[in-house]
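Data block for input-v2.tsv (TSV, C-alpha atoms):
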chain	number	residue	atom	x	y	z
A	206	MET	CA	37.19	29.81	8.44
A	207	ASP	CA	36.92	26.57	10.37
A	208	ILE	CA	33.55	24.77	10.21
A	209	ASP	CA	32.60	22.66	13.21
A	210	ALA	CA	32.06	18.91	12.75
A	211	TRP	CA	28.40	19.13	13.73
A	212	VAL	CA	27.73	21.43	10.78
A	213	TRP	CA	29.24	18.86	8.42
A	214	TRP	CA	26.97	16.21	9.93
A	215	LEU	CA	23.93	18.43	9.34
A	216	ILE	CA	25.04	19.01	5.75
A	217	ALA	CA	25.31	15.23	5.37
A	218	ALA	CA	21.82	14.82	6.88
A	219	VAL	CA	20.36	17.27	4.35
A	220	GLY	CA	22.36	15.59	1.57
A	221	LEU	CA	20.87	12.22	2.53
A	222	GLY	CA	17.39	13.76	2.78
A	223	ILE	CA	17.43	14.88	-0.86
A	224	PRO	CA	17.52	11.34	-2.33
A	225	LEU	CA	14.83	10.38	0.18
A	226	VAL	CA	12.50	12.94	-1.37
A	227	LEU	CA	13.51	12.16	-4.96
A	228	THR	CA	13.43	8.36	-4.77
A	229	ALA	CA	11.03	7.73	-1.86
A	230	MET	CA	13.50	5.22	-0.39
A	231	PRO	CA	13.04	5.35	3.38
A	232	GLU	CA	16.55	4.04	3.98
A	233	PHE	CA	17.93	7.47	3.08
A	234	GLY	CA	15.74	9.00	5.78
A	235	MET	CA	17.15	6.57	8.32
A	236	LEU	CA	20.70	7.40	7.26
A	237	SER	CA	19.80	11.08	7.51
A	238	ALA	CA	18.57	10.53	11.08
A	239	GLY	CA	21.87	8.80	11.82
A	240	ALA	CA	23.71	11.86	10.52
A	241	VAL	CA	21.65	14.08	12.84
A	242	ALA	CA	22.67	11.80	15.72
A	243	GLY	CA	26.29	12.24	14.59
A	244	ALA	CA	25.79	16.02	14.64
A	245	VAL	CA	24.44	15.87	18.20
A	246	THR	CA	27.42	13.74	19.22
A	247	ALA	CA	29.81	16.26	17.63
A	248	ALA	CA	28.03	19.19	19.30
A	249	LEU	CA	28.49	17.45	22.67
A	250	GLY	CA	32.25	17.41	22.03
A	251	PHE	CA	32.91	13.76	21.30
A	252	GLY	CA	35.65	12.74	18.84
A	253	ILE	CA	35.25	11.70	15.23
A	254	VAL	CA	35.41	7.98	16.02
A	255	THR	CA	32.51	8.28	18.45
A	256	GLN	CA	30.56	10.38	15.95
A	257	VAL	CA	30.97	7.76	13.21
A	258	VAL	CA	30.07	4.93	15.60
A	259	VAL	CA	26.89	6.78	16.71
A	260	PHE	CA	26.00	7.51	13.07
A	261	ALA	CA	26.44	3.85	12.13
A	262	ALA	CA	24.65	2.52	15.21
A	263	VAL	CA	21.62	4.80	14.84
A	264	SER	CA	21.37	4.19	11.08
A	265	VAL	CA	21.64	0.40	11.40
A	266	ALA	CA	19.22	0.31	14.33
A	267	LEU	CA	16.63	2.34	12.43
A	268	ILE	CA	16.99	0.20	9.31
A	269	ALA	CA	16.81	-3.01	11.37
A	270	VAL	CA	13.70	-1.92	13.30
A	271	VAL	CA	11.72	0.37	10.99
A	272	ARG	CA	12.24	-1.35	7.64
A	273	PRO	CA	10.60	-4.71	8.59
A	274	ILE	CA	7.65	-2.86	10.15
A	275	ALA	CA	7.21	-0.77	7.00
A	276	ALA	CA	7.47	-3.85	4.78
A	277	ARG	CA	4.84	-5.64	6.85
A	278	HIS	CA	2.44	-2.70	6.59
A	279	SER	CA	2.95	-2.22	2.86
A	280	SER	CA	2.25	-5.88	2.08
A	281	GLN	CA	-1.12	-5.93	3.85
A	282	ARG	CA	-4.22	-5.42	1.77
A	283	PRO	CA	-6.51	-2.65	2.85
A	284	GLY	CA	-9.37	-3.85	5.03
A	285	LEU	CA	-11.94	-1.70	3.26
A	286	ALA	CA	-12.91	-2.74	-0.26
A	287	THR	CA	-14.18	0.07	-2.46
A	288	GLY	CA	-15.57	0.41	-5.95
A	289	VAL	CA	-15.92	-2.77	-7.96
A	290	ASP	CA	-13.97	-4.75	-5.35
A	291	ALA	CA	-16.74	-4.07	-2.83
A	292	LEU	CA	-19.29	-5.78	-5.09
A	293	ARG	CA	-17.49	-9.12	-5.31
A	294	GLY	CA	-19.06	-11.72	-3.05
A	295	ARG	CA	-22.33	-9.81	-2.62
A	296	GLN	CA	-25.75	-11.27	-3.30
A	297	ALA	CA	-28.01	-10.00	-6.04
A	298	THR	CA	-31.55	-10.66	-7.20
A	299	VAL	CA	-32.23	-11.82	-10.75
A	300	LEU	CA	-34.59	-9.47	-12.61
A	301	GLU	CA	-34.40	-11.01	-16.09
A	302	ARG	CA	-33.26	-14.53	-16.83
A	303	VAL	CA	-29.48	-14.84	-16.52
A	304	ASP	CA	-27.54	-17.41	-18.51
A	305	GLY	CA	-24.14	-17.65	-20.18
A	306	SER	CA	-25.04	-14.96	-22.71
A	307	GLY	CA	-26.61	-12.35	-20.46
A	308	GLY	CA	-29.42	-11.13	-18.27
A	309	ARG	CA	-30.21	-8.50	-15.61
A	310	ILE	CA	-29.77	-8.43	-11.84
A	311	LYS	CA	-30.34	-5.96	-9.03
A	312	LEU	CA	-27.05	-5.47	-7.18
A	313	ALA	CA	-26.56	-2.97	-4.36
A	314	GLY	CA	-29.72	-1.12	-5.37
A	315	GLU	CA	-28.72	-0.78	-9.02
A	316	ILE	CA	-29.63	-2.75	-12.12
A	317	TRP	CA	-26.67	-4.51	-13.70
A	318	SER	CA	-26.22	-6.60	-16.79
A	319	ALA	CA	-25.09	-10.06	-15.78
A	320	ARG	CA	-24.00	-13.39	-17.13
A	321	ALA	CA	-23.60	-16.78	-15.52
A	322	LEU	CA	-20.12	-17.97	-14.62
A	323	ASP	CA	-20.98	-21.40	-16.00
A	324	ALA	CA	-22.40	-21.04	-19.52
A	325	ASP	CA	-24.75	-24.01	-18.95
A	326	GLN	CA	-26.30	-22.53	-15.83
A	327	THR	CA	-29.46	-20.38	-15.86
A	328	PHE	CA	-31.08	-18.30	-13.14
A	329	GLU	CA	-34.74	-17.29	-13.21
A	330	PRO	CA	-36.22	-13.96	-11.99
A	331	GLY	CA	-36.46	-13.73	-8.22
A	332	GLN	CA	-33.54	-16.08	-7.54
A	333	GLN	CA	-30.63	-14.94	-5.37
A	334	VAL	CA	-27.20	-15.18	-6.98
A	335	ASP	CA	-23.67	-14.48	-5.76
A	336	VAL	CA	-21.45	-12.05	-7.64
A	337	VAL	CA	-18.15	-13.71	-8.47
A	338	GLU	CA	-16.52	-10.83	-10.32
A	339	ILE	CA	-17.24	-7.69	-12.30
A	340	ASP	CA	-16.18	-7.85	-15.95
A	341	GLY	CA	-16.42	-4.30	-17.28
A	342	ALA	CA	-20.06	-3.34	-16.72
A	343	THR	CA	-21.23	-6.96	-16.41
A	344	ALA	CA	-21.54	-8.89	-13.18
A	345	VAL	CA	-20.49	-12.53	-13.42
A	346	VAL	CA	-22.75	-14.55	-11.11
A	347	MET	CA	-23.27	-18.06	-9.83
Take the structure in the file and give it back as structure tokens.
Amino acid sequence: MDIDAWVWWLIAAVGLGIPLVLTAMPEFGMLSAGAVAGAVTAALGFGIVTQVVVFAAVSVALIAVVRPIAARHSSQRPGLATGVDALRGRQATVLERVDGSGGRIKLAGEIWSARALDADQTFEPGQQVDVVEIDGATAVVM
């Protein structure tokens, strides 16, 4: 039983796809795509040297082009802030006097416990304050 070269390339493509799924390393997917290109080259009747050159060229080209694009997209922060992150930088209204030890504010329609960022600073009811951060269930304001 003689197995054609293109079948071996497809076996290699599947073999390279398994670590892609297990490790989530996209480079294995690019090598797998290169192996598929090698299988197509073999099915078209080209020799082993051409098959290996096509495999290498497609794999290197995919890694050179796709990897920097993926790295650029993974390093960007999402444009939409949710949860506690969405409350930072918002304005709130003081309901009960806020100082370094505590107080109450109305933030995004809800009543929050709050404390001043600077322990010496105090805010009286009715004043507008900016939320600097959320520390547990307490808004830190200034």
Who sits within 12 Å of Glu301 of chain A, all atoms listed in the file, same chain under 3 positions skipped, as a ChimeraX atom specification: /A:297-298,304,307-311,316-320,327-332
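With distances taken from (-20.4, -4.4, -5.7) and restricted to only C-alpha atoms, the residues inside 10 Å are Ala286, Thr287, Gly288, Val289, Asp290, Ala291, Leu292, Arg293, Gly294, Arg295, Gln296, Ala297, Leu312, Ala313, Gly314, Glu315, Val336, Val337, Glu338, Ile339 and Ala344 of chain A.
Around the coordinate (23.8, 9.2, 11.9), residues that reach within 7 Å when counting only C-alpha atoms are A:Leu236, A:Ser237, A:Ala238, A:Gly239, A:Ala240, A:Val241, A:Ala242, A:Gly243, A:Val259, A:Phe260, A:Ala261, A:Val263, A:Ser264.
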Shell of 12 Å around Trp213 of chain A, all atoms listed in the file, local chain residues under 2 positions omitted, as a VMD selection string: chain A and resid 207 to 211 215 to 220 240 to 241 243 to 245 247 to 248 253 256
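If you look at atom CA of Leu249 of chain A and atom CA of Ala262 of chain A, they are 17.1 Å away from each other.
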Only all heavy atoms, as a tab-separated table (two decimals), in the first residue's frame: that is what I want for segment 212-225 of chain A.
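File produced: selection-v2.tsv:
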chain	number	residue	atom	x	y	z
A	212	VAL	N	-1.51	13.01	1.10
A	212	VAL	CA	-2.14	12.46	2.31
A	212	VAL	C	-1.23	12.69	3.52
A	212	VAL	O	-1.70	13.05	4.61
A	212	VAL	CB	-2.46	10.96	2.13
A	212	VAL	CG1	-3.00	10.35	3.42
A	212	VAL	CG2	-3.44	10.75	0.99
A	213	TRP	N	0.07	12.50	3.31
A	213	TRP	CA	1.02	12.75	4.41
A	213	TRP	C	0.99	14.22	4.83
A	213	TRP	O	1.08	14.53	6.02
A	213	TRP	CB	2.44	12.35	4.01
A	213	TRP	CG	2.63	10.86	3.95
A	213	TRP	CD1	2.86	10.11	2.85
A	213	TRP	CD2	2.59	9.95	5.06
A	213	TRP	NE1	2.96	8.79	3.19
A	213	TRP	CE2	2.80	8.67	4.55
A	213	TRP	CE3	2.38	10.10	6.42
A	213	TRP	CZ2	2.82	7.53	5.35
A	213	TRP	CZ3	2.41	8.97	7.23
A	213	TRP	CH2	2.62	7.71	6.69
A	214	TRP	N	0.85	15.11	3.86
A	214	TRP	CA	0.76	16.54	4.19
A	214	TRP	C	-0.51	16.84	4.99
A	214	TRP	O	-0.49	17.63	5.93
A	214	TRP	CB	0.80	17.39	2.92
A	214	TRP	CG	2.19	17.57	2.38
A	214	TRP	CD1	2.69	17.00	1.25
A	214	TRP	CD2	3.24	18.34	2.95
A	214	TRP	NE1	4.00	17.37	1.08
A	214	TRP	CE2	4.37	18.21	2.11
A	214	TRP	CE3	3.35	19.13	4.08
A	214	TRP	CZ2	5.57	18.84	2.37
A	214	TRP	CZ3	4.56	19.76	4.33
A	214	TRP	CH2	5.65	19.62	3.50
A	215	LEU	N	-1.61	16.19	4.63
A	215	LEU	CA	-2.86	16.40	5.39
A	215	LEU	C	-2.75	15.83	6.80
A	215	LEU	O	-3.26	16.42	7.76
A	215	LEU	CB	-4.05	15.80	4.65
A	215	LEU	CG	-4.48	16.53	3.38
A	215	LEU	CD1	-5.67	15.83	2.74
A	215	LEU	CD2	-4.81	17.98	3.67
A	216	ILE	N	-2.05	14.70	6.92
A	216	ILE	CA	-1.82	14.14	8.26
A	216	ILE	C	-0.97	15.11	9.09
A	216	ILE	O	-1.23	15.34	10.28
A	216	ILE	CB	-1.16	12.74	8.16
A	216	ILE	CG1	-2.16	11.75	7.57
A	216	ILE	CG2	-0.65	12.28	9.52
A	216	ILE	CD1	-1.55	10.40	7.20
A	217	ALA	N	0.03	15.71	8.44
A	217	ALA	CA	0.87	16.71	9.13
A	217	ALA	C	0.03	17.92	9.53
A	217	ALA	O	0.21	18.49	10.62
A	217	ALA	CB	2.03	17.13	8.24
A	218	ALA	N	-0.89	18.35	8.65
A	218	ALA	CA	-1.74	19.50	8.96
A	218	ALA	C	-2.60	19.21	10.18
A	218	ALA	O	-2.75	20.05	11.07
A	218	ALA	CB	-2.62	19.85	7.76
A	219	VAL	N	-3.18	18.02	10.24
A	219	VAL	CA	-3.99	17.64	11.40
A	219	VAL	C	-3.11	17.54	12.64
A	219	VAL	O	-3.47	17.99	13.73
A	219	VAL	CB	-4.74	16.31	11.14
A	219	VAL	CG1	-5.40	15.79	12.41
A	219	VAL	CG2	-5.78	16.49	10.04
A	220	GLY	N	-1.92	16.95	12.46
A	220	GLY	CA	-0.98	16.84	13.58
A	220	GLY	C	-0.57	18.20	14.14
A	220	GLY	O	-0.38	18.36	15.34
A	221	LEU	N	-0.44	19.20	13.27
A	221	LEU	CA	-0.10	20.55	13.72
A	221	LEU	C	-1.33	21.27	14.28
A	221	LEU	O	-1.19	22.21	15.06
A	221	LEU	CB	0.51	21.36	12.58
A	221	LEU	CG	1.92	20.95	12.17
A	221	LEU	CD1	2.29	21.56	10.84
A	221	LEU	CD2	2.91	21.32	13.25
A	222	GLY	N	-2.51	20.85	13.89
A	222	GLY	CA	-3.74	21.45	14.41
A	222	GLY	C	-4.03	21.03	15.84
A	222	GLY	O	-4.66	21.77	16.59
A	223	ILE	N	-3.58	19.86	16.24
A	223	ILE	CA	-3.84	19.37	17.60
A	223	ILE	C	-3.17	20.26	18.64
A	223	ILE	O	-3.82	20.70	19.59
A	223	ILE	CB	-3.44	17.89	17.73
A	223	ILE	CG1	-4.40	17.03	16.90
A	223	ILE	CG2	-3.45	17.44	19.20
A	223	ILE	CD1	-3.98	15.59	16.76
A	224	PRO	N	-1.87	20.58	18.51
A	224	PRO	CA	-1.27	21.49	19.50
A	224	PRO	C	-1.89	22.89	19.47
A	224	PRO	O	-1.91	23.58	20.48
A	224	PRO	CB	0.21	21.56	19.13
A	224	PRO	CG	0.46	20.49	18.16
A	224	PRO	CD	-0.85	20.05	17.61
A	225	LEU	N	-2.40	23.29	18.30
A	225	LEU	CA	-3.09	24.58	18.21
A	225	LEU	C	-4.28	24.60	19.17
A	225	LEU	O	-4.48	25.55	19.91
A	225	LEU	CB	-3.56	24.85	16.78
A	225	LEU	CG	-4.55	25.99	16.59
A	225	LEU	CD1	-3.88	27.32	16.90
A	225	LEU	CD2	-5.12	25.99	15.19
